[in-house]
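So the structure is just underneath, and the comments pick up after that.
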Amino acid sequence: MKKLSARRRHPLAAVVVLLFALAATGGLYAAFAPASKAQADETAQSLAIEEGKKLYTVGCASCHGTGGQGTSDGPSLVGVGSAAVDFQVGTGRMPAQQPGAQVPRKKAIYKQAEIDQLAAYIASLGAGPITPTEQQYSPDGADIARGGDLFRTNCAQCHNFTGEGGALTKGKFAPSLEGVDPKHVYEAMQTGPQNMPSFPDTTMPEKEKKDIIAYVQTVNGDKSESPGGLKLGGLGPVSEGLFGWIFGLGALIAVAIWVAAHTAKAKKS
């Protein structure tokens with residue numbers, strides 16, 4: 001019998017085998033590879049929301065309700081956004097110590113990581129202003145002069161010309177902006193806390209907010225100078241004139257009385 005000749009392999013057989021091997025390897029990699037960045041971010045966000053809910057239940061639910069719907073002791077938090085939480089909790093205004101005409105700024109009791117978790121939970125209740133990034137509120141490259149014009153037009157009525165604050169009606173007040181973190185100034189413009197109106201990007205673009213922040217930091221910075229001496233609240237020539245009139249004229253009257261009294265004694269003697 002003749003030996004059967006060996007079967008000849010197709011020249012593309014090796015290529016096909018290699019492709020199958022690569023496909024199998026890719027399938028195994030897809031099965032065992034770590035989660036993608038998007039999945040990891042989603043997982044981290046879910047964990048932040050879960051932890052934030054725990055913090056909220058302990059520190060906030062008694063006033064704002066178990067689901068953020070609000071009560072007679074606190075407004076609804078649905079739709080306020082993460083920016084409002086970062087501002088209120090980051091400046092120590094929340095949790096409030098006691099009800100009043102206005103909640104003052106105080107030392108924050110939560111760490112920034114906890115504030116971020118609270119903000120994540122509140123943001124999950126409804127869409128609202130988002131916590132700004134450093135690029136948004138950084139005054140680098142801002143127009144300080146333009147910021148001064150915008151501040152005097154939109155803010156000076158309450159905060160006065162240099163952001164030193166002022167009294168409002170019914171026990172309320174516009175707080176001083178000296179030493180306030182630029183992020184919190186930006187968030188205040190975003191959200192309009194307490195008596196302040198809000199300035200969303202549709203009303204005041206991001207660039208104008210940066211200009212205002214740069215102006216506030218400049219006039220209240222350590223390098224700021226007052227060429228007229230004591231700036232008396234930064235209210236301008238009216239307050240300075242009133243100060244001069246009351247104290248200057250008062251001093252002149254006191255001197256006149258003293259001179260007259262001593263002159264009368266001299267004549268009697």
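Quick note on naming: the chains in the structure tokens go A, B, ... in the order shown, residues restart at 1 in each chain, and ligands are numbered from 1 in order of appearance.
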Based on the backbone DSSP call, show me all residues of region 33-204 of chain A assigned alpha helix (DSSP H), as a PyMOL selection string.
chain A and resi 37-59+61-64+81-90+112-125+134-137+144-154+156-159+182-191
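Computed from the coordinates, the CA of Gly59 (chain A) to CA of Asp73 (chain A) distance equals 13.6 Å.
Proximity ranking of A:Thr191, A:Gln88, A:Ser82, A:Thr57 relative to Ile122 (chain A) places A:Ser82 first, based on only C-alpha atoms.
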Surrounding residues of Cys60 (chain A) excluding itself and chain neighbours under 4 positions, 10 Å, only C-alpha atoms, as a PyMOL selection string
chain A and resi 53-56+64-66+68+74+94-96+118
Writing out the chosen residues with all heavy atoms as a CSV table (one decimal), in the first residue's frame:
chain,number,residue,atom,x,y,z
A,53,LYS,N,-25.1,60.4,53.4
A,53,LYS,CA,-26.4,60.1,54.0
A,53,LYS,C,-26.3,59.8,55.4
A,53,LYS,O,-27.2,60.3,56.2
A,53,LYS,CB,-27.1,59.0,53.2
A,53,LYS,CG,-28.6,58.8,53.7
A,53,LYS,CD,-29.3,57.7,52.8
A,53,LYS,CE,-30.7,57.6,53.3
A,53,LYS,NZ,-31.4,56.5,52.5
A,54,LYS,N,-25.3,59.1,55.8
A,54,LYS,CA,-25.1,58.8,57.3
A,54,LYS,C,-24.8,60.0,58.1
A,54,LYS,O,-25.4,60.3,59.1
A,54,LYS,CB,-24.0,57.8,57.4
A,54,LYS,CG,-24.2,56.4,56.8
A,54,LYS,CD,-23.0,55.5,57.0
A,54,LYS,CE,-23.2,54.1,56.3
A,54,LYS,NZ,-22.0,53.3,56.4
A,55,LEU,N,-24.0,60.9,57.5
A,55,LEU,CA,-23.6,62.1,58.2
A,55,LEU,C,-24.9,63.0,58.3
A,55,LEU,O,-25.1,63.7,59.3
A,55,LEU,CB,-22.5,62.9,57.4
A,55,LEU,CG,-21.1,62.2,57.5
A,55,LEU,CD1,-20.2,62.9,56.5
A,55,LEU,CD2,-20.5,62.2,58.9
A,56,TYR,N,-25.6,63.1,57.2
A,56,TYR,CA,-26.9,63.9,57.1
A,56,TYR,C,-27.9,63.4,58.2
A,56,TYR,O,-28.5,64.3,58.9
A,56,TYR,CB,-27.5,63.8,55.7
A,56,TYR,CG,-28.8,64.5,55.6
A,56,TYR,CD1,-28.8,65.9,55.3
A,56,TYR,CD2,-30.0,63.9,55.9
A,56,TYR,CE1,-30.0,66.6,55.3
A,56,TYR,CE2,-31.2,64.5,55.8
A,56,TYR,CZ,-31.2,65.9,55.5
A,56,TYR,OH,-32.4,66.6,55.4
A,64,HIS,N,-33.9,69.5,58.7
A,64,HIS,CA,-34.2,69.5,57.3
A,64,HIS,C,-35.1,68.3,56.8
A,64,HIS,O,-35.4,68.2,55.6
A,64,HIS,CB,-33.0,69.6,56.4
A,64,HIS,CG,-32.2,70.9,56.7
A,64,HIS,ND1,-32.6,72.1,56.1
A,64,HIS,CD2,-31.1,71.1,57.4
A,64,HIS,CE1,-31.7,73.0,56.5
A,64,HIS,NE2,-30.8,72.5,57.2
A,65,GLY,N,-35.4,67.4,57.7
A,65,GLY,CA,-36.2,66.2,57.4
A,65,GLY,C,-35.3,65.0,57.0
A,65,GLY,O,-34.2,65.2,56.5
A,66,THR,N,-35.9,63.9,57.1
A,66,THR,CA,-35.1,62.6,56.8
A,66,THR,C,-34.7,62.5,55.4
A,66,THR,O,-33.7,61.9,55.1
A,66,THR,CB,-35.9,61.4,57.2
A,66,THR,OG1,-37.2,61.4,56.6
A,66,THR,CG2,-36.1,61.4,58.7
A,68,GLY,N,-34.5,65.4,53.3
A,68,GLY,CA,-34.1,66.7,52.8
A,68,GLY,C,-35.3,67.5,52.4
A,68,GLY,O,-35.1,68.5,51.7
A,74,GLY,N,-36.3,74.0,59.3
A,74,GLY,CA,-35.3,74.2,58.3
A,74,GLY,C,-35.9,74.0,56.9
A,74,GLY,O,-36.8,73.2,56.7
A,94,MET,N,-23.6,76.0,59.0
A,94,MET,CA,-24.4,74.8,59.3
A,94,MET,C,-23.5,73.7,59.8
A,94,MET,O,-22.3,73.5,59.3
A,94,MET,CB,-25.1,74.3,58.0
A,94,MET,CG,-26.2,75.2,57.5
A,94,MET,SD,-27.6,75.2,58.7
A,94,MET,CE,-28.2,76.8,58.5
A,95,PRO,N,-23.9,72.9,60.8
A,95,PRO,CA,-25.2,73.0,61.4
A,95,PRO,C,-25.3,74.2,62.3
A,95,PRO,O,-24.3,74.6,62.9
A,95,PRO,CB,-25.3,71.7,62.3
A,95,PRO,CG,-24.2,70.8,61.8
A,95,PRO,CD,-23.2,71.7,61.2
A,96,ALA,N,-26.5,74.8,62.4
A,96,ALA,CA,-26.7,76.0,63.1
A,96,ALA,C,-26.8,75.7,64.6
A,96,ALA,O,-27.4,74.7,65.0
A,96,ALA,CB,-28.0,76.7,62.6
A,118,LEU,N,-21.3,64.9,52.3
A,118,LEU,CA,-22.6,65.6,52.5
A,118,LEU,C,-23.1,66.2,51.2
A,118,LEU,O,-24.3,66.1,50.9
A,118,LEU,CB,-22.5,66.6,53.6
A,118,LEU,CG,-22.7,66.1,55.1
A,118,LEU,CD1,-22.3,67.3,56.0
A,118,LEU,CD2,-24.1,65.7,55.3
Taking only residues of region 185-219 of chain A that have an atom at most 10 Å from an atom of region 164-171 of chain A, what is each one's shortest atom pair and its distance in Å to one decimal, using only C-alpha atoms, in chain and number order, as a Markdown table?
| residue | atom | partner | partner_atom | distance |
| --- | --- | --- | --- | --- |
| A:Asn195 | CA | A:Leu168 | CA | 9.2 |
| A:Val216 | CA | A:Glu164 | CA | 9.6 |
| A:Val219 | CA | A:Glu164 | CA | 9.8 |
Could you dump the residues just selected with N, CA, C and O atoms as a short mmCIF file (atom, residue, chain, number, x, y, z; two decimals), in the first residue's frame?
data_model
loop_
_atom_site.label_atom_id
_atom_site.label_comp_id
_atom_site.auth_asym_id
_atom_site.auth_seq_id
_atom_site.Cartn_x
_atom_site.Cartn_y
_atom_site.Cartn_z
N ASN A 195 -29.74 86.26 52.92
CA ASN A 195 -30.36 87.47 52.35
C ASN A 195 -29.76 87.88 51.01
O ASN A 195 -30.20 88.85 50.40
N VAL A 216 -11.96 91.79 45.67
CA VAL A 216 -12.17 91.65 47.11
C VAL A 216 -10.88 91.25 47.80
O VAL A 216 -10.53 91.77 48.87
N VAL A 219 -8.39 94.45 47.87
CA VAL A 219 -8.68 95.56 48.79
C VAL A 219 -8.64 95.10 50.25
O VAL A 219 -8.50 95.94 51.15
#
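Between CA of Glu51 (chain A) and CA of Val185 (chain A) lies a distance of 26.8 Å.
Note that the spacing between CA of Lys183 (chain A) and CA of Leu125 (chain A) amounts to 22.8 Å.
In terms of minimum interatomic distance to Ala127 (chain A), A:Val80 ranks closest within A:Ala101, A:Ala38, A:Ala44, A:Val80, counting only C-alpha atoms.
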Please identify all polymer residues within 12 Å of Asp140 (chain A), counting only C-alpha atoms, omitting same-chain residues fewer than 4 positions from it, and present them as a list in words.
Glu134, Gln135, Gln136, Ile144, Pro182, Lys207, Lys210, Asp211, Ile212, Ile213, Ala214, Tyr215, Gln217 and Thr218 of chain A
Val89 (chain A) environment, 10 Å, only C-alpha atoms, sequence neighbours closer than 6 positions dropped, as a PDB file with N, CA and C atoms, in the first residue's frame:
ATOM      1  N   PRO A  95     -23.944  72.883  60.759  1.00  0.00           N
ATOM      2  CA  PRO A  95     -25.240  72.959  61.446  1.00  0.00           C
ATOM      3  C   PRO A  95     -25.326  74.225  62.313  1.00  0.00           C
ATOM      4  N   ALA A  96     -26.523  74.813  62.364  1.00  0.00           N
ATOM      5  CA  ALA A  96     -26.732  76.040  63.124  1.00  0.00           C
ATOM      6  C   ALA A  96     -26.828  75.731  64.610  1.00  0.00           C
ATOM      7  N   ARG A 105     -21.103  83.150  60.587  1.00  0.00           N
ATOM      8  CA  ARG A 105     -19.994  82.263  60.252  1.00  0.00           C
ATOM      9  C   ARG A 105     -19.265  81.852  61.523  1.00  0.00           C
ATOM     10  N   LYS A 106     -18.847  80.602  61.585  1.00  0.00           N
ATOM     11  CA  LYS A 106     -18.086  80.110  62.732  1.00  0.00           C
ATOM     12  C   LYS A 106     -17.166  78.992  62.255  1.00  0.00           C
ATOM     13  N   LYS A 107     -16.405  78.434  63.151  1.00  0.00           N
ATOM     14  CA  LYS A 107     -15.475  77.380  62.787  1.00  0.00           C
ATOM     15  C   LYS A 107     -16.226  76.136  62.309  1.00  0.00           C
ATOM     16  N   ALA A 108     -15.784  75.577  61.200  1.00  0.00           N
ATOM     17  CA  ALA A 108     -16.438  74.376  60.653  1.00  0.00           C
ATOM     18  C   ALA A 108     -16.181  73.183  61.560  1.00  0.00           C
ATOM     19  N   ILE A 109     -17.208  72.345  61.733  1.00  0.00           N
ATOM     20  CA  ILE A 109     -17.060  71.169  62.591  1.00  0.00           C
ATOM     21  C   ILE A 109     -16.831  69.896  61.772  1.00  0.00           C
ATOM     22  N   TYR A 110     -17.002  69.979  60.456  1.00  0.00           N
ATOM     23  CA  TYR A 110     -16.767  68.831  59.585  1.00  0.00           C
ATOM     24  C   TYR A 110     -15.461  69.022  58.818  1.00  0.00           C
ATOM     25  N   LYS A 111     -14.788  67.927  58.560  1.00  0.00           N
ATOM     26  CA  LYS A 111     -13.613  67.955  57.699  1.00  0.00           C
ATOM     27  C   LYS A 111     -14.064  68.089  56.242  1.00  0.00           C
ATOM     28  N   GLN A 112     -13.130  68.515  55.369  1.00  0.00           N
ATOM     29  CA  GLN A 112     -13.491  68.733  53.978  1.00  0.00           C
ATOM     30  C   GLN A 112     -13.978  67.457  53.311  1.00  0.00           C
ATOM     31  N   GLU A 114     -15.633  65.055  54.706  1.00  0.00           N
ATOM     32  CA  GLU A 114     -17.008  64.839  55.153  1.00  0.00           C
ATOM     33  C   GLU A 114     -17.962  65.827  54.486  1.00  0.00           C
ATOM     34  N   ILE A 115     -17.499  67.050  54.294  1.00  0.00           N
ATOM     35  CA  ILE A 115     -18.319  68.045  53.599  1.00  0.00           C
ATOM     36  C   ILE A 115     -18.593  67.592  52.172  1.00  0.00           C
ATOM     37  N   ASP A 116     -17.578  67.041  51.513  1.00  0.00           N
ATOM     38  CA  ASP A 116     -17.760  66.525  50.150  1.00  0.00           C
ATOM     39  C   ASP A 116     -18.778  65.396  50.117  1.00  0.00           C
ATOM     40  N   LEU A 118     -21.294  64.941  52.314  1.00  0.00           N
ATOM     41  CA  LEU A 118     -22.604  65.562  52.529  1.00  0.00           C
ATOM     42  C   LEU A 118     -23.108  66.227  51.249  1.00  0.00           C
ATOM     43  N   ALA A 119     -22.194  66.924  50.571  1.00  0.00           N
ATOM     44  CA  ALA A 119     -22.561  67.604  49.325  1.00  0.00           C
ATOM     45  C   ALA A 119     -22.993  66.597  48.263  1.00  0.00           C
TER      46      ALA A 119
END
Calculated over only C-alpha atoms, which of the candidates A:Gly241, A:Gly67, A:Gly179, A:Ala174 has the smallest distance to Pro197 (chain A)?
A:Ala174
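Here the strand (DSSP E or B) residues in region 25-244 of chain A, by DSSP on the backbone, are Thr71, Gly74, Gly166, Ala167, Phe173 and Ala174 of chain A.
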Using the selection just defined, write its residues with all heavy atoms as a PDB file, in the first residue's frame.
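Contents of again_9.pdb, as written:
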ATOM      1  N   THR A  71     -38.510  71.015  57.050  1.00  0.00           N
ATOM      2  CA  THR A  71     -39.478  70.999  58.143  1.00  0.00           C
ATOM      3  C   THR A  71     -39.734  72.440  58.571  1.00  0.00           C
ATOM      4  O   THR A  71     -39.228  73.389  57.955  1.00  0.00           O
ATOM      5  CB  THR A  71     -38.948  70.196  59.353  1.00  0.00           C
ATOM      6  OG1 THR A  71     -37.835  70.898  59.929  1.00  0.00           O
ATOM      7  CG2 THR A  71     -38.501  68.798  58.947  1.00  0.00           C
ATOM      8  N   GLY A  74     -36.315  74.015  59.306  1.00  0.00           N
ATOM      9  CA  GLY A  74     -35.293  74.155  58.276  1.00  0.00           C
ATOM     10  C   GLY A  74     -35.876  74.001  56.889  1.00  0.00           C
ATOM     11  O   GLY A  74     -36.821  73.223  56.694  1.00  0.00           O
ATOM     12  N   GLY A 166     -21.978  95.221  56.395  1.00  0.00           N
ATOM     13  CA  GLY A 166     -22.867  96.309  56.784  1.00  0.00           C
ATOM     14  C   GLY A 166     -24.149  95.772  57.369  1.00  0.00           C
ATOM     15  O   GLY A 166     -24.480  94.591  57.218  1.00  0.00           O
ATOM     16  N   ALA A 167     -24.885  96.645  58.058  1.00  0.00           N
ATOM     17  CA  ALA A 167     -26.131  96.253  58.707  1.00  0.00           C
ATOM     18  C   ALA A 167     -27.280  96.253  57.705  1.00  0.00           C
ATOM     19  O   ALA A 167     -27.328  97.079  56.785  1.00  0.00           O
ATOM     20  CB  ALA A 167     -26.434  97.207  59.857  1.00  0.00           C
ATOM     21  N   PHE A 173     -27.602  91.133  58.533  1.00  0.00           N
ATOM     22  CA  PHE A 173     -26.410  91.898  58.179  1.00  0.00           C
ATOM     23  C   PHE A 173     -25.707  91.246  56.997  1.00  0.00           C
ATOM     24  O   PHE A 173     -25.865  90.051  56.736  1.00  0.00           O
ATOM     25  CB  PHE A 173     -25.445  91.988  59.366  1.00  0.00           C
ATOM     26  CG  PHE A 173     -24.941  90.640  59.845  1.00  0.00           C
ATOM     27  CD1 PHE A 173     -23.759  90.104  59.351  1.00  0.00           C
ATOM     28  CD2 PHE A 173     -25.656  89.909  60.777  1.00  0.00           C
ATOM     29  CE1 PHE A 173     -23.300  88.863  59.781  1.00  0.00           C
ATOM     30  CE2 PHE A 173     -25.208  88.666  61.213  1.00  0.00           C
ATOM     31  CZ  PHE A 173     -24.025  88.154  60.718  1.00  0.00           C
ATOM     32  N   ALA A 174     -24.944  92.065  56.291  1.00  0.00           N
ATOM     33  CA  ALA A 174     -24.077  91.562  55.224  1.00  0.00           C
ATOM     34  C   ALA A 174     -22.709  91.329  55.834  1.00  0.00           C
ATOM     35  O   ALA A 174     -22.097  92.274  56.344  1.00  0.00           O
ATOM     36  CB  ALA A 174     -23.989  92.573  54.087  1.00  0.00           C
TER      37      ALA A 174
END
